[in-house]
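Peer 1: Mind looking over this structure? Questions follow.
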2 protein chains.
Amino acid sequence: MLEVFRDYINSKTSITDAAFEVIKSLCIVKKLRKKQYLLQEGDTWKYHAFICKGCLRAYRIDDKGVEHTTKFAIENHWTGDRAALLSGEPASYNIDAIEDSVLLLITNENFITICKEVPAFNEMINTILNKSFVANENRIHAAISYSAEENYQNFLRNSPDIANRVPQHMIASYLGISPETLSRIRNQAAKRQS
Amino acid sequence: MLEVFRDYINSKTSITDAAFEVIKSLCIVKKLRKKQYLLQEGDTWKYHAFICKGCLRAYRIDDKGVEHTTKFAIENHWTGDRAALLSGEPASYNIDAIEDSVLLLITNENFITICKEVPAFNEMINTILNKSFVANENRIHAAISYSAEENYQNFLRNSPDIANRVPQHMIASYLGISPETLSRIRNQAAKRQS
DNA sequence: CGATTCTTTGAAAACAGTCAATCTGTGTGG
DNA sequence: CCACACAGATTGACTGTTTTCAAAGAATCG
């Protein structure tokens with residue numbers, strides 16, 4: 001599975017074989033079966049996790065026991081609990097596998113080492129962080145500005161790769177609406193279509 | 001106003017006087033009167049903006065002409081349109097002053113220069129970026145998980161310094177609800193109190 | 001003071017949530 | 001391989017919340 005990571009890096013920047021060997025030596029391969037946890041609320045979390053294969057979701061559970069999905073992640077994306085990683089505090093997110101998945105884990109320490117030793121990697125990570133930052137700003141804007149239906153349509157348009165492999169009630173949770181409401185939105189949209 | 005920036009930096013890290021002189025020489029002081037724009041949708045945006053004094057808001061305008069506030073910023077915070085800065089594309093945000101304000105602008109080029117020449121500054125900025133990232137994740141979580149009232153109470157609790165100096169209809173816009181709804185929420189909360 | 005902007009209030013309509021029942025598809029164990 | 005169990009999706013009836021529009025009251029600023 002390491003070649004997926006290599007391809008990913010190559011698509012963003014260029015590093016030497018030697019540099020990749022260093023990176024490779026610090027990667028932990030982690031396989032997850034569907035429904036297995038990568039991280040549970042309360043655990044400590046020390047990794048950067050790159051997804052070679054599969055699909056995961058991150059969510060939090062409120063007082064009433066309801067799950068709120070904050071993030072989906074598929075091949076060639078990163079996941080984890082950044083707040084917990086930076087602060088050292090127990091995680092507030094749960095992350096589990098929606099499909100059988102293969103990840104690469106890199107401890108934060110090793111990650112920092114790589115960034116120091118491989119400037120191109122560091123740059124790449126910086127660019128990713130900035131882009132994710134902007135993506136989050138857009139998501140905030142969407143959440144406060146658009147109707148449930150608009151948000152759903154935008155999600156379908158912008159993330160068809162995710163929308164197609166994730167159960168509907170998780171999409172509802174990601175959009176901040178109830179599964180019933182999402183079902184009705186779809187129903188009405190289909191009616192209008194015909 | 002540069003001493004505000006110096007104090008800010010000192011509170012986060014430590015840099016030499018010489019380093020600060022370099023930084024200082026690259027800062028543009030910008031004063032804004034209340035209601036004046038720092039940035040309008042469609043403009044190009046090339047700066048990192050640090051607020052020495054005052055209060056600004058960033059917002060976008062939808063098809064119906066409604067403003068959606070995505071961010072407030074006061075003394076010792078940064079503002080700008082990161083997406084436009086990184087991509088070079090025209091800005092999609094408007095940023096204007098809610099109070100008479102004084103900012104320091106640093107062009108992205110100069111900013112990068114500073115980061116290279118003053119490692120402590122670079123580290124500081126990195127930490128800020130990471131913390132803002134986490135703050136944005138929390139805001140996303142709040143938006144999809146909590147009721148309008150809960151979000152309002154949390155906003156009051158977490159940002160009293162902002163809540164006290166910003167008109168109510170902008171808070172409503174920041175929370176993604178109508179001004180009337182916010183007024184009613186406040187009203188009901190007050191009733192419960194007595 | 002007058003003008004503008006901001007907030008509040010009311011009533012109706014649109015929207016979303018809840019609860020419970022039914023329907024559908026999938027997969028697993030017998 | 002079938003039947004059954006289970007998770008997920010849909011539907012209906014009802015309740016509660018939020019928006020919209022319009023109008024009236026405060027507050028603020030020049």
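Quick note on naming: the chains in the structure tokens go A, B, ... in the order shown, residues restart at 1 in each chain, and ligands are numbered from 1 in order of appearance.
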As a list in words, could you give me every residue of chain D near chain B (at most 12 Å apart, counting only C-alpha atoms (C1' of nucleotides))?

Peer 2: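 The answer, sorted by residue number, is DT17, DT18, DT19, DT20, DC21 and DA27 of chain D.
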
Peer 1: Using only C-alpha atoms, tabulate the residues of chain A lying at most 7 Å from any atom of chain B, each with its closest atom pair and that distance in Å to one decimal, by chain and increasing residue number, as JSON lines.

Peer 2:
{"residue": "A:His68", "atom": "CA", "partner": "B:Ser145", "partner_atom": "CA", "distance": 6.2}
{"residue": "A:Thr70", "atom": "CA", "partner": "B:His141", "partner_atom": "CA", "distance": 6.2}
{"residue": "A:Arg82", "atom": "CA", "partner": "B:Val134", "partner_atom": "CA", "distance": 6.8}
{"residue": "A:Ala83", "atom": "CA", "partner": "B:Val134", "partner_atom": "CA", "distance": 5.8}
{"residue": "A:Phe133", "atom": "CA", "partner": "B:Phe133", "partner_atom": "CA", "distance": 6.0}
{"residue": "A:Val134", "atom": "CA", "partner": "B:Ala83", "partner_atom": "CA", "distance": 5.8}
{"residue": "A:Asn136", "atom": "CA", "partner": "B:Asn136", "partner_atom": "CA", "distance": 6.5}
{"residue": "A:Ile140", "atom": "CA", "partner": "B:Ile140", "partner_atom": "CA", "distance": 5.8}
{"residue": "A:His141", "atom": "CA", "partner": "B:Thr70", "partner_atom": "CA", "distance": 6.2}
{"residue": "A:Ala143", "atom": "CA", "partner": "B:Ala143", "partner_atom": "CA", "distance": 6.7}
{"residue": "A:Ile144", "atom": "CA", "partner": "B:Gly176", "partner_atom": "CA", "distance": 4.0}
{"residue": "A:Ser145", "atom": "CA", "partner": "B:His68", "partner_atom": "CA", "distance": 6.2}
{"residue": "A:Leu175", "atom": "CA", "partner": "B:Ile144", "partner_atom": "CA", "distance": 6.5}
{"residue": "A:Gly176", "atom": "CA", "partner": "B:Ile144", "partner_atom": "CA", "distance": 4.1}

Peer 1: Going by DSSP on the backbone, which residues of stretch 31-169 of chain A come out as strand (DSSP E or B)? List them as a VMD selection string.

Peer 2: chain A and resid 31 to 32 37 to 39 47 to 53 55 to 61 67 to 74 78 to 79 94 to 97 101 to 107

Peer 1: Considering only C-alpha atoms (C1' of nucleotides), return as a list in words whatever protein or nucleic-acid residues lie within 9 Å of C:DT8, sequence-local ones (same chain, fewer than 3 positions apart) excluded.

Peer 2: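 In the requested format, the answer is Glu180, Ser183 and Arg184 of chain B; DA24, DG25 and DA26 of chain D.
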
Peer 1: Could you go through stretch 99-180 of chain B and tell me which residues DSSP, when run on the backbone, assigns to alpha helix (DSSP H), listing them as a PyMOL selection string?

Peer 2: chain B and resi 108-117+119-145+148-158+160-163+168-175+179-180

Peer 1: For chain C, report every residue with an atom at most 12 Å from chain B (counting only C-alpha atoms (C1' of nucleotides)), formatted as a list in words.

Peer 2: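 Close to chain B, chain C has DT5, DC6, DT7, DT8, DT9, DG10, DA16 and DG17 of chain C.
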
Peer 1: For stretch 11-13 of chain D, work out the shell of residues within 10 Å, counting only C-alpha atoms (C1' of nucleotides) and skipping chain neighbours fewer than 2 positions away, then give it as an mmCIF file with N, CA and C atoms (P, O5', C5', C4', C3', O3' and C1' of nucleotides), in the first residue's frame.

Peer 2:
data_model
loop_
_atom_site.group_PDB
_atom_site.id
_atom_site.type_symbol
_atom_site.label_atom_id
_atom_site.label_comp_id
_atom_site.auth_asym_id
_atom_site.auth_seq_id
_atom_site.Cartn_x
_atom_site.Cartn_y
_atom_site.Cartn_z
ATOM 1 N N GLU A 180 -34.698 11.693 8.306
ATOM 2 C CA GLU A 180 -36.031 11.825 7.699
ATOM 3 C C GLU A 180 -36.096 13.039 6.792
ATOM 4 N N SER A 183 -34.315 12.387 3.598
ATOM 5 C CA SER A 183 -35.124 11.511 2.752
ATOM 6 C C SER A 183 -36.196 12.310 2.011
ATOM 7 N N ARG A 184 -36.834 13.212 2.732
ATOM 8 C CA ARG A 184 -37.898 14.022 2.105
ATOM 9 C C ARG A 184 -37.338 14.988 1.080
ATOM 10 P P DC C 19 -38.773 11.653 20.236
ATOM 11 O "O5'" DC C 19 -39.974 10.682 19.818
ATOM 12 C "C5'" DC C 19 -41.297 11.227 19.718
ATOM 13 C "C4'" DC C 19 -42.205 10.223 19.031
ATOM 14 C "C3'" DC C 19 -41.769 8.763 19.198
ATOM 15 O "O3'" DC C 19 -42.924 8.009 19.517
ATOM 16 C "C1'" DC C 19 -42.075 9.271 16.919
ATOM 17 P P DA C 20 -42.844 6.479 19.977
ATOM 18 O "O5'" DA C 20 -43.766 5.781 18.892
ATOM 19 C "C5'" DA C 20 -44.824 6.515 18.248
ATOM 20 C "C4'" DA C 20 -45.247 5.778 16.999
ATOM 21 C "C3'" DA C 20 -44.913 4.280 17.008
ATOM 22 O "O3'" DA C 20 -45.982 3.563 16.408
ATOM 23 C "C1'" DA C 20 -43.942 5.279 15.130
ATOM 24 P P DA C 21 -46.013 1.978 16.365
ATOM 25 O "O5'" DA C 21 -46.242 1.712 14.815
ATOM 26 C "C5'" DA C 21 -47.168 2.530 14.092
ATOM 27 C "C4'" DA C 21 -46.921 2.323 12.612
ATOM 28 C "C3'" DA C 21 -46.667 0.858 12.241
ATOM 29 O "O3'" DA C 21 -47.460 0.490 11.114
ATOM 30 C "C1'" DA C 21 -44.919 2.234 11.435
ATOM 31 P P DT C 22 -47.399 -1.021 10.591
ATOM 32 O "O5'" DT C 22 -46.730 -0.818 9.153
ATOM 33 C "C5'" DT C 22 -47.108 0.299 8.335
ATOM 34 C "C4'" DT C 22 -46.061 0.453 7.265
ATOM 35 C "C3'" DT C 22 -45.739 -0.863 6.539
ATOM 36 O "O3'" DT C 22 -45.893 -0.620 5.153
ATOM 37 C "C1'" DT C 22 -43.771 0.247 7.176
ATOM 38 P P DC C 23 -45.888 -1.820 4.120
ATOM 39 O "O5'" DC C 23 -44.498 -1.540 3.394
ATOM 40 C "C5'" DC C 23 -44.245 -0.250 2.834
ATOM 41 C "C4'" DC C 23 -42.799 -0.195 2.417
ATOM 42 C "C3'" DC C 23 -42.341 -1.419 1.618
ATOM 43 O "O3'" DC C 23 -41.744 -0.940 0.433
ATOM 44 C "C1'" DC C 23 -40.838 -0.954 3.380
ATOM 45 P P DA D 9 -29.537 4.894 4.500
ATOM 46 O "O5'" DA D 9 -31.068 4.779 4.086
ATOM 47 C "C5'" DA D 9 -31.395 4.033 2.926
ATOM 48 C "C4'" DA D 9 -32.871 4.187 2.653
ATOM 49 C "C3'" DA D 9 -33.355 5.625 2.568
ATOM 50 O "O3'" DA D 9 -34.021 5.750 1.314
ATOM 51 C "C1'" DA D 9 -34.700 4.363 4.081
ATOM 52 P P DT D 15 -50.077 17.634 17.929
ATOM 53 O "O5'" DT D 15 -48.583 18.101 18.272
ATOM 54 C "C5'" DT D 15 -47.569 17.139 18.592
ATOM 55 C "C4'" DT D 15 -46.245 17.878 18.664
ATOM 56 C "C3'" DT D 15 -46.355 19.315 19.185
ATOM 57 O "O3'" DT D 15 -45.361 19.494 20.182
ATOM 58 C "C1'" DT D 15 -45.263 19.288 17.085
#

Peer 1: Near A:Asn94, within 6 Å and counting only C-alpha atoms (C1' of nucleotides), which residues show up once chain neighbours fewer than 6 positions away are dropped, as a PyMOL selection string?

Peer 2: chain A and resi 39-41+58-59

Peer 1: Print the selection's residues with N, CA and C atoms to a file, as a PDB file, in the first residue's frame.

Peer 2:
ATOM      1  N   LEU A  39     -10.151   5.545  16.247  1.00  0.00           N
ATOM      2  CA  LEU A  39      -9.981   6.414  17.420  1.00  0.00           C
ATOM      3  C   LEU A  39     -11.326   6.551  18.106  1.00  0.00           C
ATOM      4  N   GLN A  40     -11.295   6.503  19.432  1.00  0.00           N
ATOM      5  CA  GLN A  40     -12.532   6.740  20.177  1.00  0.00           C
ATOM      6  C   GLN A  40     -12.372   7.929  21.100  1.00  0.00           C
ATOM      7  N   GLU A  41     -13.457   8.627  21.276  1.00  0.00           N
ATOM      8  CA  GLU A  41     -13.493   9.742  22.201  1.00  0.00           C
ATOM      9  C   GLU A  41     -12.841   9.328  23.524  1.00  0.00           C
ATOM     10  N   ALA A  58     -15.380  10.853  10.778  1.00  0.00           N
ATOM     11  CA  ALA A  58     -15.101  11.379  12.109  1.00  0.00           C
ATOM     12  C   ALA A  58     -16.383  11.993  12.638  1.00  0.00           C
ATOM     13  N   TYR A  59     -16.697  11.730  13.883  1.00  0.00           N
ATOM     14  CA  TYR A  59     -17.938  12.271  14.430  1.00  0.00           C
ATOM     15  C   TYR A  59     -17.823  12.458  15.932  1.00  0.00           C
TER      16      TYR A  59
END

Peer 1: Of the residues B:Leu156, B:Leu2, B:Cys55, B:Ile112, which is the one nearest to B:Glu21, using only C-alpha atoms?

Peer 2: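 Smallest distance to B:Glu21 is found for B:Leu2.
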
Peer 1: Near C:DG29, counting only C-alpha atoms (C1' of nucleotides), which residues have an atom at most 12 Å away, once you skip same-chain residues fewer than 5 positions from it, shown as a list in words?

Peer 2: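 My reading of the contact set: DC1, DC2, DA3, DC4 and DA5 of chain D.
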
Peer 1: Keeping C-alpha atoms (C1' of nucleotides) for every residue in the selection just given, could you write it to a file as a PDB file, in the first residue's frame?

Peer 2:
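Saved the output as out_29.pdb:
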ATOM      1  C1'  DC D   1     -29.818 -21.676  -0.484  1.00  0.00           C
ATOM      2  C1'  DC D   2     -33.418 -20.004   2.030  1.00  0.00           C
ATOM      3  C1'  DA D   3     -35.362 -17.519   5.761  1.00  0.00           C
ATOM      4  C1'  DC D   4     -34.879 -14.502   9.012  1.00  0.00           C
ATOM      5  C1'  DA D   5     -32.856 -10.693  11.306  1.00  0.00           C
TER       6       DA D   5
END

Peer 1: Atom CA of A:Leu56 and atom CA of A:Arg157, how far apart in Å?

Peer 2: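 Atom CA of A:Leu56 lies 19.9 Å from atom CA of A:Arg157.
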
Peer 1: Would you list the contacts of B:Pro119 as a list in words, taking every protein, DNA or RNA residue within 9 Å and counting only C-alpha atoms (C1' of nucleotides), but skipping same-chain residues closer than 5 positions in sequence?

Peer 2: Ile15, Ile114 and Met124 of chain B
